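Chemist: Just one file: final-v5.pdb, with PDB, C-alpha atoms, pLDDT in the B column.
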MODEL        1
ATOM      1  CA  MET A   1     126.713  73.792 127.251  1.00 54.00           C
ATOM      2  CA  GLN A   2     126.544  70.781 124.970  1.00 56.00           C
ATOM      3  CA  ASN A   3     122.863  71.522 124.344  1.00 55.00           C
ATOM      4  CA  VAL A   4     123.746  75.069 123.286  1.00 47.00           C
ATOM      5  CA  ILE A   5     126.433  73.794 120.930  1.00 52.00           C
ATOM      6  CA  ALA A   6     124.004  71.273 119.482  1.00 49.00           C
ATOM      7  CA  LEU A   7     121.413  73.995 118.911  1.00 46.00           C
ATOM      8  CA  ASN A   8     123.981  76.240 117.229  1.00 55.00           C
ATOM      9  CA  ASP A   9     125.079  73.395 114.963  1.00 54.00           C
ATOM     10  CA  ALA A  10     121.479  72.632 114.099  1.00 49.00           C
ATOM     11  CA  GLY A  11     120.897  76.300 113.309  1.00 50.00           C
ATOM     12  CA  ARG A  12     123.922  76.428 111.031  1.00 53.00           C
ATOM     13  CA  GLN A  13     122.838  73.279 109.246  1.00 53.00           C
ATOM     14  CA  GLY A  14     119.381  74.781 108.751  1.00 51.00           C
ATOM     15  CA  ILE A  15     120.871  77.937 107.229  1.00 50.00           C
ATOM     16  CA  LEU A  16     123.136  75.915 104.931  1.00 46.00           C
ATOM     17  CA  ALA A  17     120.204  73.745 103.871  1.00 50.00           C
ATOM     18  CA  ALA A  18     118.123  76.816 103.056  1.00 52.00           C
ATOM     19  CA  ARG A  19     120.924  78.278 100.962  1.00 60.00           C
ATOM     20  CA  ALA A  20     121.345  75.004  99.082  1.00 62.00           C
ATOM     21  CA  THR A  21     117.635  74.918  98.209  1.00 84.00           C
ATOM     22  CA  THR A  22     116.901  76.399  94.794  1.00 92.00           C
ATOM     23  CA  ASP A  23     114.009  78.750  94.167  1.00 93.00           C
ATOM     24  CA  GLU A  24     112.388  76.074  92.009  1.00 94.00           C
ATOM     25  CA  MET A  25     112.569  73.583  94.883  1.00 94.00           C
ATOM     26  CA  LEU A  26     111.047  76.154  97.203  1.00 95.00           C
ATOM     27  CA  LEU A  27     108.144  76.748  94.808  1.00 93.00           C
ATOM     28  CA  ALA A  28     107.463  73.016  94.633  1.00 93.00           C
ATOM     29  CA  SER A  29     107.328  72.942  98.429  1.00 94.00           C
ATOM     30  CA  ILE A  30     105.127  76.042  98.515  1.00 94.00           C
ATOM     31  CA  ALA A  31     102.737  74.352  96.086  1.00 92.00           C
ATOM     32  CA  ALA A  32     102.490  71.559  98.648  1.00 93.00           C
ATOM     33  CA  GLY A  33     101.624  74.051 101.385  1.00 92.00           C
ATOM     34  CA  ASP A  34     105.049  74.425 103.026  1.00 94.00           C
ATOM     35  CA  ARG A  35     104.998  77.720 104.950  1.00 92.00           C
ATOM     36  CA  THR A  36     108.705  77.494 105.813  1.00 94.00           C
ATOM     37  CA  ALA A  37     109.552  77.384 102.106  1.00 94.00           C
ATOM     38  CA  MET A  38     107.307  80.420 101.574  1.00 94.00           C
ATOM     39  CA  HIS A  39     109.167  82.304 104.301  1.00 94.00           C
ATOM     40  CA  THR A  40     112.523  81.409 102.743  1.00 95.00           C
ATOM     41  CA  LEU A  41     111.456  82.547  99.263  1.00 95.00           C
ATOM     42  CA  TYR A  42     110.097  85.779 100.697  1.00 95.00           C
ATOM     43  CA  SER A  43     113.334  86.429 102.570  1.00 95.00           C
ATOM     44  CA  ARG A  44     115.336  85.931  99.385  1.00 96.00           C
ATOM     45  CA  HIS A  45     113.315  88.135  97.069  1.00 95.00           C
ATOM     46  CA  ASN A  46     111.156  90.632  98.964  1.00 94.00           C
ATOM     47  CA  VAL A  47     113.721  93.461  98.862  1.00 94.00           C
ATOM     48  CA  ARG A  48     114.271  93.096  95.124  1.00 92.00           C
ATOM     49  CA  VAL A  49     110.536  93.019  94.427  1.00 94.00           C
ATOM     50  CA  TYR A  50     109.977  96.029  96.692  1.00 93.00           C
ATOM     51  CA  ARG A  51     112.654  98.123  94.971  1.00 90.00           C
ATOM     52  CA  PHE A  52     111.338  97.154  91.543  1.00 90.00           C
ATOM     53  CA  ILE A  53     107.814  98.284  92.434  1.00 90.00           C
ATOM     54  CA  LEU A  54     109.052 101.390  94.223  1.00 88.00           C
ATOM     55  CA  ARG A  55     110.901 102.557  91.100  1.00 85.00           C
ATOM     56  CA  MET A  56     107.663 102.339  89.170  1.00 85.00           C
ATOM     57  CA  LEU A  57     105.332 103.889  91.730  1.00 84.00           C
ATOM     58  CA  ARG A  58     107.550 106.172  93.844  1.00 82.00           C
ATOM     59  CA  ASP A  59     105.201 105.403  96.724  1.00 86.00           C
ATOM     60  CA  ALA A  60     106.715 103.380  99.579  1.00 89.00           C
ATOM     61  CA  ALA A  61     103.438 102.521 101.290  1.00 88.00           C
ATOM     62  CA  THR A  62     101.822 101.252  98.088  1.00 90.00           C
ATOM     63  CA  ALA A  63     104.986  99.358  97.174  1.00 90.00           C
ATOM     64  CA  GLU A  64     104.929  97.566 100.524  1.00 92.00           C
ATOM     65  CA  ASP A  65     101.276  96.627 100.033  1.00 91.00           C
ATOM     66  CA  LEU A  66     101.955  95.306  96.543  1.00 92.00           C
ATOM     67  CA  VAL A  67     104.907  93.214  97.739  1.00 93.00           C
ATOM     68  CA  SER A  68     102.525  91.472 100.117  1.00 93.00           C
ATOM     69  CA  GLN A  69     100.093  90.923  97.248  1.00 92.00           C
ATOM     70  CA  VAL A  70     102.839  89.511  95.029  1.00 93.00           C
ATOM     71  CA  PHE A  71     103.852  86.884  97.577  1.00 94.00           C
ATOM     72  CA  LEU A  72     100.224  86.109  98.385  1.00 93.00           C
ATOM     73  CA  ASP A  73      99.795  85.347  94.686  1.00 92.00           C
ATOM     74  CA  VAL A  74     102.895  83.141  94.833  1.00 93.00           C
ATOM     75  CA  TRP A  75     101.374  81.199  97.730  1.00 92.00           C
ATOM     76  CA  ARG A  76      98.111  80.750  95.822  1.00 91.00           C
ATOM     77  CA  THR A  77      99.541  80.004  92.367  1.00 91.00           C
ATOM     78  CA  ALA A  78     102.853  78.213  92.982  1.00 91.00           C
ATOM     79  CA  ARG A  79     101.506  75.153  91.158  1.00 90.00           C
ATOM     80  CA  GLN A  80     101.164  77.225  87.989  1.00 88.00           C
ATOM     81  CA  PHE A  81     104.901  77.937  87.744  1.00 88.00           C
ATOM     82  CA  GLU A  82     106.116  76.003  84.696  1.00 84.00           C
ATOM     83  CA  GLY A  83     109.834  76.604  84.979  1.00 83.00           C
ATOM     84  CA  ARG A  84     110.179  78.320  81.604  1.00 82.00           C
ATOM     85  CA  ALA A  85     111.898  81.291  83.268  1.00 85.00           C
ATOM     86  CA  GLN A  86     113.787  81.938  86.481  1.00 89.00           C
ATOM     87  CA  VAL A  87     111.681  82.292  89.601  1.00 92.00           C
ATOM     88  CA  SER A  88     112.956  85.861  90.042  1.00 91.00           C
ATOM     89  CA  THR A  89     111.744  86.684  86.528  1.00 91.00           C
ATOM     90  CA  TRP A  90     108.330  85.216  87.329  1.00 92.00           C
ATOM     91  CA  LEU A  91     108.157  87.285  90.529  1.00 93.00           C
ATOM     92  CA  LEU A  92     109.011  90.504  88.702  1.00 92.00           C
ATOM     93  CA  SER A  93     106.359  89.722  86.073  1.00 91.00           C
ATOM     94  CA  ILE A  94     103.743  89.488  88.816  1.00 92.00           C
ATOM     95  CA  ALA A  95     105.113  92.645  90.444  1.00 92.00           C
ATOM     96  CA  ARG A  96     105.066  94.572  87.164  1.00 90.00           C
ATOM     97  CA  PHE A  97     101.451  93.624  86.484  1.00 89.00           C
ATOM     98  CA  LYS A  98     100.368  94.766  89.934  1.00 90.00           C
ATOM     99  CA  ALA A  99     102.352  98.005  89.690  1.00 89.00           C
ATOM    100  CA  LEU A 100     100.850  98.820  86.289  1.00 86.00           C
ATOM    101  CA  THR A 101      97.386  98.103  87.656  1.00 86.00           C
ATOM    102  CA  ALA A 102      98.048 100.463  90.550  1.00 86.00           C
ATOM    103  CA  LEU A 103      99.250 103.131  88.137  1.00 81.00           C
ATOM    104  CA  ARG A 104      96.118 102.813  86.031  1.00 79.00           C
ATOM    105  CA  GLN A 105      93.987 103.117  89.132  1.00 76.00           C
ATOM    106  CA  ARG A 106      95.804 106.331  89.966  1.00 72.00           C
ATOM    107  CA  GLN A 107      95.147 107.447  86.365  1.00 52.00           C
ATOM    108  CA  HIS A 108      98.789 108.168  85.615  1.00 40.00           C
ATOM    109  CA  GLU A 109      99.659 108.063  81.932  1.00 41.00           C
ATOM    110  CA  ASN A 110     103.401 107.818  82.397  1.00 44.00           C
ATOM    111  CA  ILE A 111     105.327 105.152  84.241  1.00 42.00           C
ATOM    112  CA  ASP A 112     107.765 107.076  86.406  1.00 44.00           C
ATOM    113  CA  GLN A 113     110.813 105.066  87.402  1.00 44.00           C
ATOM    114  CA  ASP A 114     113.151 107.884  88.403  1.00 44.00           C
ATOM    115  CA  ASP A 115     114.335 106.436  91.701  1.00 43.00           C
ATOM    116  CA  VAL A 116     116.862 104.029  90.276  1.00 39.00           C
ATOM    117  CA  LEU A 117     119.577 104.015  92.919  1.00 41.00           C
ATOM    118  CA  GLU A 118     119.724 101.368  95.581  1.00 42.00           C
ATOM    119  CA  ILE A 119     119.736 102.397  99.226  1.00 39.00           C
ATOM    120  CA  PRO A 120     123.434 102.477 100.224  1.00 42.00           C
ATOM    121  CA  ASP A 121     124.579  99.186 101.705  1.00 43.00           C
ATOM    122  CA  GLY A 122     125.510  99.099 105.350  1.00 43.00           C
ATOM    123  CA  ALA A 123     129.038  98.166 104.322  1.00 46.00           C
ATOM    124  CA  ASP A 124     129.509 101.417 102.414  1.00 47.00           C
ATOM    125  CA  SER A 125     132.015 103.860 103.816  1.00 50.00           C
ATOM    126  CA  PRO A 126     130.771 107.432 104.400  1.00 54.00           C
ATOM    127  CA  GLU A 127     132.839 108.539 101.396  1.00 55.00           C
ATOM    128  CA  ALA A 128     131.298 105.887  99.146  1.00 52.00           C
ATOM    129  CA  ALA A 129     127.803 106.778 100.328  1.00 54.00           C
ATOM    130  CA  LEU A 130     128.473 110.467  99.666  1.00 53.00           C
ATOM    131  CA  GLU A 131     129.805 109.747  96.167  1.00 56.00           C
ATOM    132  CA  ARG A 132     126.750 107.633  95.436  1.00 57.00           C
ATOM    133  CA  SER A 133     124.539 110.460  96.649  1.00 61.00           C
ATOM    134  CA  ARG A 134     126.287 112.954  94.344  1.00 63.00           C
ATOM    135  CA  THR A 135     126.023 110.795  91.263  1.00 68.00           C
ATOM    136  CA  SER A 136     122.420 109.845  92.064  1.00 69.00           C
ATOM    137  CA  ASP A 137     121.154 113.343  91.251  1.00 75.00           C
ATOM    138  CA  ILE A 138     122.821 113.301  87.835  1.00 79.00           C
ATOM    139  CA  LEU A 139     121.723 109.775  87.015  1.00 80.00           C
ATOM    140  CA  ARG A 140     118.169 110.387  88.219  1.00 77.00           C
ATOM    141  CA  ALA A 141     117.890 113.538  86.134  1.00 81.00           C
ATOM    142  CA  CYS A 142     119.176 111.785  83.008  1.00 85.00           C
ATOM    143  CA  ILE A 143     116.973 108.709  83.354  1.00 83.00           C
ATOM    144  CA  ALA A 144     113.966 110.935  83.979  1.00 79.00           C
ATOM    145  CA  LYS A 145     114.437 112.261  80.446  1.00 85.00           C
ATOM    146  CA  LEU A 146     114.176 108.787  78.904  1.00 87.00           C
ATOM    147  CA  SER A 147     110.839 107.522  77.656  1.00 88.00           C
ATOM    148  CA  PRO A 148     108.887 105.233  80.045  1.00 85.00           C
ATOM    149  CA  ALA A 149     109.679 102.214  77.864  1.00 87.00           C
ATOM    150  CA  HIS A 150     113.395 102.981  77.890  1.00 89.00           C
ATOM    151  CA  ARG A 151     113.421 103.614  81.646  1.00 88.00           C
ATOM    152  CA  GLU A 152     111.848 100.220  82.172  1.00 88.00           C
ATOM    153  CA  ILE A 153     114.521  98.488  80.095  1.00 89.00           C
ATOM    154  CA  ILE A 154     117.338 100.272  81.967  1.00 87.00           C
ATOM    155  CA  ASN A 155     115.753  99.273  85.261  1.00 85.00           C
ATOM    156  CA  LEU A 156     115.463  95.571  84.405  1.00 87.00           C
ATOM    157  CA  VAL A 157     118.773  95.126  82.587  1.00 84.00           C
ATOM    158  CA  TYR A 158     121.113  97.158  84.758  1.00 80.00           C
ATOM    159  CA  TYR A 159     119.489  97.171  88.183  1.00 79.00           C
ATOM    160  CA  HIS A 160     117.921  93.713  88.193  1.00 83.00           C
ATOM    161  CA  GLU A 161     120.519  92.126  85.884  1.00 82.00           C
ATOM    162  CA  LYS A 162     117.946  90.462  83.682  1.00 87.00           C
ATOM    163  CA  SER A 163     118.848  88.994  80.313  1.00 88.00           C
ATOM    164  CA  VAL A 164     117.226  90.078  77.051  1.00 88.00           C
ATOM    165  CA  GLU A 165     115.086  86.937  77.102  1.00 90.00           C
ATOM    166  CA  GLU A 166     113.978  87.544  80.693  1.00 90.00           C
ATOM    167  CA  VAL A 167     113.133  91.190  80.019  1.00 90.00           C
ATOM    168  CA  GLY A 168     111.023  90.081  77.079  1.00 91.00           C
ATOM    169  CA  ARG A 169     109.091  87.710  79.336  1.00 90.00           C
ATOM    170  CA  ILE A 170     108.543  90.323  82.033  1.00 91.00           C
ATOM    171  CA  VAL A 171     107.495  93.140  79.717  1.00 90.00           C
ATOM    172  CA  GLY A 172     105.728  90.917  77.194  1.00 91.00           C
ATOM    173  CA  ILE A 173     107.628  91.981  74.072  1.00 91.00           C
ATOM    174  CA  PRO A 174     109.852  90.152  71.537  1.00 91.00           C
ATOM    175  CA  GLN A 175     113.578  89.892  72.255  1.00 90.00           C
ATOM    176  CA  SER A 176     114.305  91.934  69.143  1.00 91.00           C
ATOM    177  CA  THR A 177     112.234  94.786  70.572  1.00 92.00           C
ATOM    178  CA  VAL A 178     114.086  94.534  73.884  1.00 91.00           C
ATOM    179  CA  LYS A 179     117.412  94.822  72.047  1.00 91.00           C
ATOM    180  CA  THR A 180     116.214  97.810  70.038  1.00 91.00           C
ATOM    181  CA  ARG A 181     114.932  99.620  73.110  1.00 90.00           C
ATOM    182  CA  MET A 182     118.111  98.835  75.019  1.00 90.00           C
ATOM    183  CA  PHE A 183     120.272 100.171  72.181  1.00 90.00           C
ATOM    184  CA  TYR A 184     118.429 103.485  71.982  1.00 89.00           C
ATOM    185  CA  ALA A 185     118.105 103.778  75.760  1.00 89.00           C
ATOM    186  CA  ARG A 186     121.870 103.337  76.232  1.00 88.00           C
ATOM    187  CA  LYS A 187     122.642 105.716  73.397  1.00 88.00           C
ATOM    188  CA  GLN A 188     120.367 108.428  74.739  1.00 88.00           C
ATOM    189  CA  LEU A 189     121.484 107.920  78.346  1.00 86.00           C
ATOM    190  CA  ALA A 190     125.143 108.089  77.333  1.00 85.00           C
ATOM    191  CA  ALA A 191     124.545 111.388  75.548  1.00 87.00           C
ATOM    192  CA  LEU A 192     122.653 112.800  78.525  1.00 86.00           C
ATOM    193  CA  LEU A 193     125.346 111.755  80.979  1.00 83.00           C
ATOM    194  CA  LYS A 194     128.044 113.201  78.755  1.00 82.00           C
ATOM    195  CA  SER A 195     126.209 116.495  78.642  1.00 83.00           C
ATOM    196  CA  HIS A 196     126.422 116.520  82.444  1.00 76.00           C
ATOM    197  CA  GLY A 197     130.154 115.853  82.353  1.00 73.00           C
ATOM    198  CA  VAL A 198     129.940 112.202  83.337  1.00 69.00           C
ATOM    199  CA  GLU A 199     132.146 110.488  80.768  1.00 63.00           C
ATOM    200  CA  THR A 200     132.862 107.225  82.618  1.00 47.00           C
ATOM    201  CA  MET A 201     129.196 106.412  83.223  1.00 43.00           C
ATOM    202  CA  ALA A 202     128.377 106.855  79.569  1.00 37.00           C
ATOM    203  CA  ALA A 203     130.471 103.858  78.524  1.00 38.00           C
TER     204      ALA A 203
ENDMDL
END
Would you mind writing the file's structure down as structure tokens?

Modeler:
Amino acid sequence: MQNVIALNDAGRQGILAARATTDEMLLASIAAGDRTAMHTLYSRHNVRVYRFILRMLRDAATAEDLVSQVFLDVWRTARQFEGRAQVSTWLLSIARFKALTALRQRQHENIDQDDVLEIPDGADSPEAALERSRTSDILRACIAKLSPAHREIINLVYYHEKSVEEVGRIVGIPQSTVKTRMFYARKQLAALLKSHGVETMAA
């Protein structure tokens, strides 16, 4: 019994230690060949990276393959991370490059990022999930009418909560351009939502 308690305590301490470890610390460990650190970083960010790629490609199988490629790149190039941006921003930059490459290979001219809603959380009530499902059709239809550049900005700012500076790093454009695109994207999206009778979402 005491052994079981000791194992449980050790497990809890391991979980707490992992949570206390920053992404930057994990990357330093990964650069030194620490597979446990790689597993922890993957566990933290793989869902976000997957959803980001999926919104661009609308192809689950390809998105899964690219997620693996992203984290393989992280394993190989962790030493190159310079700390000038958040690790999550760096990951999304790698993901974006790979997604764009995949799109070019498929010879698509437009970057379709229509699937912008998250999968409902397990904690959602049936009513909340239903409401999300109803609004998803309206939101998807409105965002589909935005230009590819504006869809990308909406995706990064509102769904990945990236700052103007971080979006600029990911997309490779000046902050002033990010602000301009965000202004026009919000303005156009608000008008589209209003035309569908969704006043509160247009704010």

Chemist: Between A:Arg35, A:Arg55, A:Arg181, A:Arg44, which has the minimum distance to Tyr159 in chain A (counting only C-alpha atoms)?

Modeler: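 So, comparing all the options, the nearest one is A:Arg55.
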
Chemist: Run the PyMOL selection byres ((chain A and resi 86-102) around 7) on the file and write out the hits as a list of chain:residue names.

Modeler: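 Selected by the PyMOL selection byres ((chain A and resi 86-102) around 7) in this file: A:Asp23, A:Glu24, A:Val49, A:Ile53, A:Met56, A:Leu57, A:Leu66, A:Val70, A:Gly83, A:Ala85, A:Leu103, A:Arg104, A:Gln105, A:Arg106, A:Glu166, A:Ile170.
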
Chemist: Any idea what's packed within 10 Å of Leu26 in chain A, counting only C-alpha atoms, ignoring anything in its chain fewer than 3 positions away? Could you give it as a PyMOL selection string?

Modeler: chain A and resi 18+21-23+29-32+34-41+78+87

Chemist: Hey, which of A:Val67, A:Ala185, A:Ala60, A:Val47 ends up closest to Pro148 in chain A? Count only C-alpha atoms.

Modeler: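 Closest residue, counting only C-alpha atoms: A:Ala185.
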
Chemist: Which one of A:Ser43, A:Gly168, A:Pro174, A:Ala141 sits closest to Leu193 in chain A if you count all atoms listed in the file?

Modeler: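 Of A:Ser43, A:Gly168, A:Pro174, A:Ala141, the one nearest Leu193 in chain A, counting all atoms listed in the file, is A:Ala141.
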
Chemist: Quick one, how far is CA of Asn155 in chain A from CA of Asp137 in chain A?

Modeler: 16.2 Å

Chemist: Smallest atom-to-atom distance to Ile153 in chain A: which of A:Ile138, A:Ala61, A:Val178, A:Ala190, using all atoms listed in the file?

Modeler: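 Of A:Ile138, A:Ala61, A:Val178, A:Ala190, the one nearest Ile153 in chain A is A:Val178, counting all atoms listed in the file.
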